[in-house]
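Okay, query16.csv is below, CSV, C-alpha atoms:
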```csv
chain,number,residue,atom,x,y,z
A,293,MET,CA,0.0,0.0,0.0
A,294,ALA,CA,1.4,3.4,-1.0
A,295,LYS,CA,2.5,5.6,1.8
A,296,ARG,CA,0.3,8.7,2.4
A,297,ARG,CA,2.2,11.9,1.9
A,298,GLU,CA,2.3,14.8,4.4
A,299,PRO,CA,0.0,17.6,3.2
A,300,SER,CA,2.7,20.2,4.0
A,301,SER,CA,5.1,18.3,1.7
A,302,ARG,CA,2.6,18.3,-1.1
A,303,LEU,CA,2.0,22.0,-0.6
A,304,GLN,CA,5.7,22.6,-0.8
A,305,GLN,CA,6.0,20.6,-4.0
A,306,VAL,CA,3.0,22.5,-5.5
A,307,GLY,CA,4.7,25.8,-4.4
A,308,ILE,CA,8.0,24.9,-6.1
A,309,LEU,CA,6.5,23.5,-9.3
A,310,THR,CA,4.0,26.3,-9.9
A,311,ALA,CA,7.0,28.7,-10.0
A,312,ILE,CA,8.1,27.1,-13.3
A,313,PRO,CA,5.9,29.2,-15.6
A,314,PHE,CA,7.1,32.4,-14.1
A,315,VAL,CA,10.8,31.3,-14.4
A,316,LEU,CA,10.3,30.4,-18.0
A,317,LEU,CA,8.7,33.8,-18.7
A,318,VAL,CA,11.3,35.9,-16.8
A,319,GLY,CA,14.4,34.2,-18.3
A,320,PRO,CA,13.9,35.1,-22.0
A,321,ALA,CA,12.5,38.5,-21.0
A,322,LEU,CA,15.6,39.3,-18.9
A,323,GLY,CA,17.8,38.0,-21.7
A,324,TYR,CA,15.9,40.2,-24.2
A,325,TYR,CA,16.3,43.3,-22.0
A,326,LEU,CA,20.0,42.8,-21.4
A,327,GLY,CA,20.6,41.8,-25.1
A,328,THR,CA,18.8,44.9,-26.4
A,329,ALA,CA,20.9,47.1,-24.0
A,330,VAL,CA,24.0,45.5,-25.4
A,331,ASP,CA,22.8,46.1,-29.0
A,332,HIS,CA,22.1,49.8,-28.2
A,333,ARG,CA,25.5,50.2,-26.6
A,334,TRP,CA,27.6,48.5,-29.3
A,335,SER,CA,25.2,48.7,-32.3
A,336,SER,CA,25.2,44.9,-32.7
A,337,GLU,CA,21.6,44.4,-33.7
A,338,PRO,CA,20.2,41.7,-33.7
A,339,TRP,CA,22.9,39.5,-32.2
A,340,GLY,CA,22.8,40.9,-28.6
A,341,MET,CA,19.0,40.4,-28.4
A,342,THR,CA,19.2,36.9,-30.0
A,343,ILE,CA,22.0,35.6,-27.8
A,344,GLY,CA,20.4,37.3,-24.8
A,345,VAL,CA,17.0,35.5,-25.4
A,346,ILE,CA,18.7,32.1,-26.0
A,347,LEU,CA,20.9,32.5,-22.9
A,348,GLY,CA,17.9,33.6,-20.8
A,349,LEU,CA,15.9,30.6,-22.0
A,350,ALA,CA,18.8,28.3,-21.3
A,351,ALA,CA,19.2,29.7,-17.8
A,352,SER,CA,15.4,29.3,-17.2
A,353,VAL,CA,15.5,25.7,-18.3
A,354,ARG,CA,18.4,25.1,-16.0
A,355,SER,CA,16.5,26.7,-13.1
A,356,VAL,CA,13.4,24.6,-13.9
A,357,ALA,CA,15.6,21.4,-13.8
A,358,GLN,CA,16.9,22.5,-10.3
A,359,PHE,CA,13.3,23.1,-9.2
A,360,ILE,CA,12.2,19.6,-10.4
A,361,GLN,CA,15.2,18.1,-8.6
A,362,GLN,CA,14.3,19.9,-5.4
A,363,SER,CA,10.7,18.8,-5.7
A,364,ARG,CA,11.8,15.2,-6.2
A,365,LYS,CA,14.1,15.4,-3.2
A,366,LEU,CA,11.2,16.5,-1.0
A,367,GLU,CA,9.1,13.6,-2.3
A,368,ASP,CA,12.0,11.2,-1.6
A,369,ASP,CA,12.5,12.6,1.9
A,370,ASP,CA,8.8,12.2,2.5
A,371,ASP,CA,8.9,8.5,1.4
A,372,HIS,CA,11.7,7.6,3.8
B,102,MET,CA,-15.9,65.7,11.8
B,103,ALA,CA,-19.2,64.4,10.5
B,104,SER,CA,-18.7,66.2,7.2
B,105,ASP,CA,-15.2,64.6,6.9
B,106,ALA,CA,-16.7,61.2,7.4
B,107,HIS,CA,-19.4,62.0,4.9
B,108,HIS,CA,-16.8,63.2,2.4
B,109,ALA,CA,-14.7,60.0,2.9
B,110,VAL,CA,-17.8,57.9,2.3
B,111,GLU,CA,-18.5,59.9,-0.9
B,112,GLN,CA,-14.9,59.2,-2.0
B,113,ALA,CA,-15.4,55.5,-1.4
B,114,VAL,CA,-18.6,55.6,-3.4
B,115,GLN,CA,-16.9,57.4,-6.3
B,116,HIS,CA,-14.1,54.8,-6.2
B,117,GLY,CA,-16.6,52.0,-6.1
B,118,ALA,CA,-18.5,53.4,-9.0
B,119,GLN,CA,-15.3,53.7,-11.0
B,120,ALA,CA,-14.5,50.1,-10.1
B,121,ALA,CA,-18.0,49.0,-11.2
B,122,GLU,CA,-17.7,51.0,-14.4
B,123,ALA,CA,-14.2,49.5,-15.1
B,124,ALA,CA,-15.5,46.0,-14.4
B,125,GLY,CA,-18.6,46.6,-16.5
B,126,HIS,CA,-16.5,47.7,-19.5
B,127,GLY,CA,-14.1,44.8,-19.3
B,128,GLY,CA,-11.3,46.8,-17.7
B,129,GLY,CA,-11.0,50.1,-19.5
B,130,ASP,CA,-8.2,52.5,-18.7
B,131,ALA,CA,-8.9,52.8,-14.9
B,132,ILE,CA,-7.6,50.0,-12.8
B,133,PRO,CA,-10.2,49.5,-10.0
B,134,GLU,CA,-8.6,50.2,-6.6
B,135,LEU,CA,-10.1,50.5,-3.2
B,136,PRO,CA,-9.5,53.8,-1.4
B,137,ASN,CA,-7.3,53.7,1.7
B,138,PHE,CA,-6.9,56.3,4.5
B,139,ILE,CA,-4.0,57.9,2.7
B,140,THR,CA,-6.1,58.5,-0.5
B,141,ALA,CA,-8.9,59.9,1.7
B,142,LEU,CA,-6.3,62.2,3.5
B,143,SER,CA,-4.8,63.4,0.2
B,144,HIS,CA,-8.3,64.2,-1.2
B,145,GLN,CA,-9.2,66.0,2.0
B,146,PHE,CA,-5.9,68.0,2.2
B,147,HIS,CA,-5.0,68.1,-1.5
B,148,ASP,CA,-3.0,71.3,-1.1
B,149,ALA,CA,-0.9,70.1,1.8
B,150,PRO,CA,2.7,68.9,0.8
B,151,TRP,CA,2.6,66.2,3.5
B,152,ALA,CA,-0.6,64.7,2.1
B,153,HIS,CA,0.9,64.7,-1.4
B,154,TRP,CA,4.1,63.1,0.0
B,155,LEU,CA,2.0,60.4,1.8
B,156,HIS,CA,0.0,59.7,-1.4
B,157,GLN,CA,3.2,59.5,-3.5
B,158,TRP,CA,4.9,57.0,-1.1
B,159,GLU,CA,1.7,55.2,0.1
B,160,ASN,CA,3.1,51.7,-0.5
B,161,LEU,CA,6.2,52.5,1.5
B,162,VAL,CA,4.1,54.0,4.3
B,163,PHE,CA,1.9,50.9,4.5
B,164,ALA,CA,5.0,48.6,4.4
B,165,TRP,CA,6.5,50.6,7.3
B,166,LEU,CA,3.2,50.4,9.1
B,167,VAL,CA,3.1,46.6,8.8
B,168,ALA,CA,6.7,46.3,9.9
B,169,LEU,CA,6.0,48.5,12.9
B,170,ILE,CA,3.0,46.3,13.9
B,171,LEU,CA,5.1,43.1,13.4
B,172,CYS,CA,8.0,44.5,15.5
B,173,THR,CA,5.6,45.6,18.2
B,174,VAL,CA,3.9,42.3,18.5
B,175,ALA,CA,7.2,40.3,18.4
B,176,TRP,CA,8.7,42.6,21.0
B,177,ARG,CA,5.6,42.4,23.2
B,178,TYR,CA,5.5,38.6,23.3
B,179,SER,CA,9.2,37.8,23.2
B,180,ARG,CA,10.2,40.4,25.9
B,181,ARG,CA,9.2,38.2,28.8
B,182,PRO,CA,8.2,34.8,27.5
B,183,ALA,CA,6.0,33.0,30.1
B,184,THR,CA,6.6,29.3,31.0
B,185,ILE,CA,2.9,28.7,30.5
B,186,PRO,CA,2.3,30.7,27.3
B,187,GLY,CA,-0.8,32.8,26.8
B,188,ARG,CA,-2.8,32.9,23.6
B,189,GLY,CA,-0.6,35.4,21.8
B,190,GLN,CA,2.7,33.7,22.8
B,191,ASN,CA,1.2,30.3,21.9
B,192,LEU,CA,0.3,31.6,18.4
B,193,LEU,CA,3.7,33.1,17.8
B,194,GLU,CA,5.4,29.9,19.0
B,195,MET,CA,3.3,27.8,16.7
B,196,LEU,CA,4.1,30.1,13.7
B,197,VAL,CA,7.9,30.0,14.5
B,198,ASN,CA,7.8,26.2,15.0
B,199,GLY,CA,5.9,25.7,11.7
B,200,LEU,CA,8.3,27.9,9.8
B,201,ASP,CA,11.3,26.2,11.4
B,202,GLN,CA,9.9,22.8,10.2
B,203,LEU,CA,9.4,24.2,6.7
B,204,VAL,CA,13.0,25.5,6.4
B,205,GLN,CA,14.4,22.3,7.9
B,206,GLY,CA,12.3,20.2,5.6
B,207,VAL,CA,14.0,21.8,2.6
B,208,ILE,CA,17.5,22.5,3.8
B,209,GLY,CA,17.9,19.9,6.6
B,210,HIS,CA,19.1,20.4,10.2
B,211,GLU,CA,21.4,23.2,9.0
B,212,GLY,CA,18.3,25.1,8.0
B,213,ARG,CA,17.7,26.3,11.5
B,214,HIS,CA,20.3,29.1,10.9
B,215,PHE,CA,18.0,30.4,8.2
B,216,THR,CA,14.7,30.3,10.0
B,217,PRO,CA,15.0,33.9,11.4
B,218,PHE,CA,15.4,35.3,7.9
B,219,ILE,CA,12.8,33.1,6.2
B,220,GLY,CA,10.4,33.4,9.1
B,221,SER,CA,10.6,37.2,9.1
B,222,LEU,CA,10.2,37.3,5.4
B,223,PHE,CA,7.0,35.1,5.6
B,224,LEU,CA,5.4,37.1,8.4
B,225,TYR,CA,6.2,40.4,6.7
B,226,ILE,CA,4.9,39.4,3.3
B,227,TRP,CA,1.8,37.6,4.9
B,228,LEU,CA,0.8,40.7,6.9
B,229,MET,CA,1.4,43.0,3.8
B,230,ASN,CA,-0.8,40.7,1.7
B,231,LEU,CA,-3.5,40.7,4.4
B,232,ALA,CA,-3.4,44.5,4.8
B,233,GLY,CA,-5.5,44.7,1.6
B,234,MET,CA,-8.4,43.0,3.3
B,235,VAL,CA,-8.5,45.6,6.1
B,236,PRO,CA,-10.7,48.6,5.2
B,237,GLY,CA,-8.6,51.8,4.9
B,238,LEU,CA,-5.4,49.9,4.3
B,239,LYS,CA,-3.6,48.7,1.1
B,240,SER,CA,-1.4,45.7,0.3
B,241,PRO,CA,2.1,47.1,-0.4
B,242,THR,CA,2.9,43.9,-2.1
B,243,SER,CA,0.4,44.7,-4.9
B,244,ASN,CA,3.1,47.2,-6.1
B,245,LEU,CA,6.1,45.8,-8.1
B,246,ASN,CA,8.6,48.1,-6.3
B,247,THR,CA,7.9,46.4,-3.0
B,248,THR,CA,8.2,42.9,-4.3
B,249,VAL,CA,11.3,43.6,-6.3
B,250,ALA,CA,12.8,45.2,-3.2
B,251,LEU,CA,12.0,41.9,-1.3
B,252,ALA,CA,13.6,39.9,-4.2
B,253,ILE,CA,16.8,42.1,-4.0
B,254,VAL,CA,17.0,41.3,-0.3
B,255,VAL,CA,16.6,37.6,-1.0
B,256,PHE,CA,19.2,37.8,-3.8
B,257,CYS,CA,21.8,39.6,-1.7
B,258,TYR,CA,21.2,37.2,1.3
B,259,VAL,CA,21.6,34.1,-0.9
B,260,GLN,CA,24.8,35.4,-2.5
B,261,TRP,CA,26.2,36.4,0.9
B,262,THR,CA,25.3,33.0,2.3
B,263,GLY,CA,27.1,31.4,-0.7
B,264,ILE,CA,30.2,33.4,-0.3
B,265,ARG,CA,30.3,32.9,3.5
B,266,ARG,CA,29.6,29.1,3.4
B,267,LEU,CA,31.7,28.3,0.3
B,268,GLY,CA,34.4,30.9,0.4
B,269,PRO,CA,35.1,33.3,-2.5
B,270,ALA,CA,37.0,30.8,-4.7
B,271,ARG,CA,34.5,27.9,-4.3
B,272,TYR,CA,31.7,30.3,-4.7
B,273,VAL,CA,33.0,31.3,-8.2
B,274,SER,CA,33.6,27.6,-8.9
B,275,HIS,CA,30.0,26.8,-7.9
B,276,LEU,CA,28.8,29.5,-10.3
B,277,ALA,CA,30.9,28.0,-13.0
B,278,GLY,CA,29.3,24.6,-12.4
B,279,GLU,CA,32.2,23.2,-10.3
B,280,PRO,CA,34.3,21.9,-13.3
B,281,THR,CA,36.5,18.9,-12.6
B,282,ASP,CA,37.4,17.7,-16.2
B,283,VAL,CA,38.3,19.2,-19.5
B,284,VAL,CA,34.7,19.4,-20.8
B,285,GLY,CA,33.7,21.0,-17.5
B,286,TRP,CA,36.5,23.7,-17.9
B,287,VAL,CA,35.5,24.3,-21.6
B,288,LEU,CA,31.9,24.8,-20.6
B,289,ALA,CA,32.7,26.8,-17.4
B,290,PRO,CA,32.3,30.3,-19.0
B,291,LEU,CA,28.9,29.3,-20.5
B,292,MET,CA,27.8,27.8,-17.2
B,293,LEU,CA,29.0,30.9,-15.3
B,294,VAL,CA,26.8,33.1,-17.5
B,295,LEU,CA,23.8,30.7,-17.2
B,296,HIS,CA,24.2,30.5,-13.4
B,297,VAL,CA,24.6,34.2,-12.9
B,298,LEU,CA,21.5,34.8,-15.1
B,299,GLY,CA,19.7,32.1,-13.1
B,300,GLU,CA,20.5,33.9,-9.9
B,301,PHE,CA,18.7,37.0,-11.2
B,302,ILE,CA,15.8,35.1,-12.8
B,303,LYS,CA,14.8,33.2,-9.7
B,304,PRO,CA,14.1,36.2,-7.3
B,305,LEU,CA,12.7,38.3,-10.2
B,306,SER,CA,10.2,35.6,-11.0
B,307,LEU,CA,9.3,35.4,-7.3
B,308,SER,CA,8.6,39.1,-7.2
B,309,LEU,CA,6.5,39.1,-10.3
B,310,ARG,CA,4.5,36.2,-9.1
B,311,LEU,CA,3.8,37.7,-5.7
B,312,CYS,CA,3.0,41.2,-7.2
B,313,PHE,CA,0.6,39.9,-9.9
B,314,ASN,CA,-1.3,37.6,-7.5
B,315,VAL,CA,-1.8,40.2,-4.8
B,316,PHE,CA,-2.6,42.9,-7.3
B,317,ALA,CA,-5.3,40.5,-8.8
B,318,GLU,CA,-6.7,39.9,-5.3
B,319,ASP,CA,-6.9,43.7,-4.7
B,320,VAL,CA,-8.6,44.3,-8.1
B,321,LEU,CA,-11.1,41.5,-7.4
B,322,LEU,CA,-12.0,43.0,-4.0
B,323,ALA,CA,-12.3,46.5,-5.6
B,324,VAL,CA,-14.6,45.2,-8.4
B,325,LEU,CA,-16.8,43.4,-5.9
B,326,VAL,CA,-17.1,46.4,-3.7
B,327,GLY,CA,-18.0,48.5,-6.8
B,328,LEU,CA,-20.6,46.0,-7.9
B,329,GLY,CA,-22.0,45.9,-4.4
B,330,ILE,CA,-22.3,49.7,-4.4
B,331,GLY,CA,-23.9,49.6,-7.8
B,332,ALA,CA,-26.3,46.9,-6.7
B,333,GLY,CA,-27.1,48.8,-3.5
B,334,PHE,CA,-28.0,52.0,-5.5
B,335,ALA,CA,-29.9,50.0,-8.0
B,336,ILE,CA,-32.1,48.5,-5.3
B,337,GLY,CA,-32.3,51.9,-3.7
B,338,THR,CA,-32.7,50.8,-0.2
B,339,PHE,CA,-29.0,50.8,0.7
B,340,LYS,CA,-26.8,53.9,1.1
B,341,ILE,CA,-23.6,52.0,1.3
B,342,GLY,CA,-24.1,49.0,-0.9
B,343,LEU,CA,-24.2,45.2,-0.7
B,344,PRO,CA,-21.2,43.5,0.8
B,345,PHE,CA,-20.4,41.3,-2.2
B,346,GLN,CA,-16.7,41.3,-1.3
B,347,LEU,CA,-17.4,39.2,1.8
B,348,PHE,CA,-17.7,36.2,-0.5
B,349,ALA,CA,-14.2,36.7,-1.8
B,350,LEU,CA,-12.5,37.4,1.5
B,351,PRO,CA,-11.9,33.7,2.4
B,352,LEU,CA,-10.4,33.2,-1.0
B,353,VAL,CA,-8.2,36.2,-0.6
B,354,LEU,CA,-7.2,35.1,2.9
B,355,ILE,CA,-6.1,31.6,1.5
B,356,PHE,CA,-4.3,33.1,-1.5
B,357,SER,CA,-2.5,35.7,0.6
B,358,THR,CA,-1.2,33.0,2.9
B,359,VAL,CA,-0.2,30.7,0.0
B,360,GLN,CA,1.6,33.4,-1.8
B,361,ALA,CA,3.6,34.4,1.3
B,362,LEU,CA,4.3,30.7,1.9
B,363,VAL,CA,5.5,30.2,-1.7
B,364,PHE,CA,7.8,33.2,-1.6
B,365,SER,CA,9.4,32.0,1.7
B,366,LEU,CA,9.6,28.4,0.4
B,367,LEU,CA,11.2,29.3,-2.9
B,368,SER,CA,13.7,31.6,-1.0
B,369,THR,CA,14.5,28.6,1.1
B,370,VAL,CA,15.0,26.5,-2.0
B,371,TYR,CA,17.4,29.2,-3.4
B,372,ILE,CA,19.4,29.1,-0.2
B,373,ALA,CA,19.5,25.3,-0.4
B,374,LEU,CA,20.7,25.4,-4.0
B,375,MET,CA,23.5,27.7,-3.0
B,376,LEU,CA,24.7,25.6,0.0
B,377,PRO,CA,27.4,22.9,-0.4
B,378,HIS,CA,25.5,19.8,-1.4
B,379,GLU,CA,26.5,17.7,1.7
B,380,GLU,CA,24.9,20.4,4.0
B,381,HIS,CA,21.3,20.0,2.9
B,382,HIS,CA,20.7,16.3,3.4
```
Would you kindly transcribe this structure into structure tokens?
Amino acid sequence: MAKRREPSSRLQQVGILTAIPFVLLVGPALGYYLGTAVDHRWSSEPWGMTIGVILGLAASVRSVAQFIQQSRKLEDDDDH
Amino acid sequence: MASDAHHAVEQAVQHGAQAAEAAGHGGGDAIPELPNFITALSHQFHDAPWAHWLHQWENLVFAWLVALILCTVAWRYSRRPATIPGRGQNLLEMLVNGLDQLVQGVIGHEGRHFTPFIGSLFLYIWLMNLAGMVPGLKSPTSNLNTTVALAIVVFCYVQWTGIRRLGPARYVSHLAGEPTDVVGWVLAPLMLVLHVLGEFIKPLSLSLRLCFNVFAEDVLLAVLVGLGIGAGFAIGTFKIGLPFQLFALPLVLIFSTVQALVFSLLSTVYIALMLPHEEHH
């Protein structure tokens, strides 16, 4: 029979996982902002913006992976 | 005095009518907002510089007010803790214990060092969120400036914790993905950029999430108050309006608590991610 999880643990997991959409939104937006600033400073359109968005998205995906790892760790701790 | 009160009620009715109008037209230009005592003061004394100053900095004033209330309550119950605690002390001890368990659940036994920071953050955000439910007050967290300021505090604390626990050299190595082989060293500059961007993204996403949620709660309450006033006038028997917002208050109470909890929880996760891996098991 499956072990019943603590409600607080479930809430923590929900809290962590529901942050993912915002992280995926903010990463490319921040990359775009920084990349556009670089383009204005060094007249490098559209490379600054393009690289900024790609790096922002990659950083977001990396953060999402960390969140999922943390969420799974909470689940494992709860199982043991 | 009576005319002041009458004027304040008129202001509330005007705001409510604006809210109802905005809701009725699917938003429009005006964002519905409930009046607070500072907007009432600034309408009453619109020529006075102090009233203008208060209105301009109202989010900051409400944030200070909440901090003052929090400090007073904490000082009152922690000054002389009783062996057999009263109701107030019991409630505070329960809160502190719950927050301690939350932090230790994420970080481990080492987490106790971070409970004061995370606990203060939770209580401060929670009370600021709840301030929007009190007539005459406003949630400072419905403004992006407040939430970004909180995110900057979390960012600085997490970086400081990283430098203190890891040491400057290992901190930089941690940011570069702790390279151990040739591939790791080749990818280190890219990992450094990604990690530094990630360190900014995490608190920024937290602040946006908190601000948008609390702002939406405040708009919901304002629209319901406006609809209640409109309905009261339509019926013609009520001078103040129908209390439609009472139905949304339990929802706002739950969401305010959850948002404060999520902000604190994710701040705890950021700290955990910055700590040496052997520490948070």
Between range 274-359 of chain B and range 314-329 of chain A, at 7 Å or less, what are the per-residue closest atom pairs and their distances in Å? Count all atoms listed in the file, order by chain and rising residue number, and return it as a Markdown table.
```
| residue | atom | partner | partner_atom | distance |
| --- | --- | --- | --- | --- |
| B:Ile302 | CA | A:Gly319 | CA | 5.7 |
| B:Lys303 | CA | A:Val315 | CA | 6.5 |
| B:Ser306 | CA | A:Phe314 | CA | 5.4 |
| B:Arg310 | CA | A:Phe314 | CA | 6.8 |
```
For a quick test of understanding: name the residues of chain A lying within 10 Å of chain B when counting only C-alpha atoms, and present them as a ChimeraX atom specification.
/A:300-301,303-323,347-356,358-359,362-363,365-366,369-370
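A straight line drawn from CA of Met375 in chain B to CA of Thr281 in chain B is 18.4 Å long.
The spacing separating CA of Val197 in chain B from CA of Ala164 in chain B amounts to 21.4 Å.
The space between CA of Leu325 in chain B and CA of Glu134 in chain B spans 10.7 Å.
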Which neighbours of Ala175 in chain B fall inside 10 Å, counting all atoms listed in the file, when residues of the same chain fewer than 6 positions from it are skipped, and could you give them as a count of residues only?
4
For Phe316 in chain B, work out the shell of residues within 8 Å, counting all atoms listed in the file and skipping chain neighbours fewer than 6 positions away, then give it as a PyMOL selection string.
chain B and resi 242-244
Since the input is missing atoms, can you rebuild N, CA and C atoms for range 302-314 of chain A and write them as an mmCIF file, keeping the file's coordinate frame?
```
data_model
loop_
_atom_site.group_PDB
_atom_site.id
_atom_site.type_symbol
_atom_site.label_atom_id
_atom_site.label_comp_id
_atom_site.auth_asym_id
_atom_site.auth_seq_id
_atom_site.Cartn_x
_atom_site.Cartn_y
_atom_site.Cartn_z
ATOM 1 N N ARG A 302 3.250 18.067 0.181
ATOM 2 C CA ARG A 302 2.600 18.300 -1.100
ATOM 3 C C ARG A 302 2.459 19.743 -1.432
ATOM 4 N N LEU A 303 2.130 20.533 -0.411
ATOM 5 C CA LEU A 303 2.000 22.000 -0.600
ATOM 6 C C LEU A 303 3.336 22.576 -1.047
ATOM 7 N N GLN A 304 4.413 22.091 -0.419
ATOM 8 C CA GLN A 304 5.700 22.600 -0.800
ATOM 9 C C GLN A 304 6.059 22.240 -2.233
ATOM 10 N N GLN A 305 5.709 21.010 -2.613
ATOM 11 C CA GLN A 305 6.000 20.600 -4.000
ATOM 12 C C GLN A 305 5.152 21.445 -4.982
ATOM 13 N N VAL A 306 3.881 21.681 -4.613
ATOM 14 C CA VAL A 306 3.000 22.500 -5.500
ATOM 15 C C VAL A 306 3.635 23.922 -5.596
ATOM 16 N N GLY A 307 4.089 24.453 -4.456
ATOM 17 C CA GLY A 307 4.700 25.800 -4.400
ATOM 18 C C GLY A 307 5.898 25.870 -5.355
ATOM 19 N N ILE A 308 6.747 24.859 -5.286
ATOM 20 C CA ILE A 308 8.000 24.900 -6.100
ATOM 21 C C ILE A 308 7.623 24.709 -7.584
ATOM 22 N N LEU A 309 6.724 23.766 -7.883
ATOM 23 C CA LEU A 309 6.500 23.500 -9.300
ATOM 24 C C LEU A 309 5.641 24.569 -9.987
ATOM 25 N N THR A 310 4.794 25.273 -9.209
ATOM 26 C CA THR A 310 4.000 26.300 -9.900
ATOM 27 C C THR A 310 4.870 27.575 -10.135
ATOM 28 N N ALA A 311 6.107 27.572 -9.662
ATOM 29 C CA ALA A 311 7.000 28.700 -10.000
ATOM 30 C C ALA A 311 7.567 28.571 -11.388
ATOM 31 N N ILE A 312 7.449 27.372 -11.958
ATOM 32 C CA ILE A 312 8.100 27.100 -13.300
ATOM 33 C C ILE A 312 7.623 28.038 -14.382
ATOM 34 N N PRO A 313 6.302 28.272 -14.554
ATOM 35 C CA PRO A 313 5.900 29.200 -15.600
ATOM 36 C C PRO A 313 6.517 30.564 -15.535
ATOM 37 N N PHE A 314 6.585 31.091 -14.319
ATOM 38 C CA PHE A 314 7.100 32.400 -14.100
ATOM 39 C C PHE A 314 8.639 32.452 -14.483
#
```
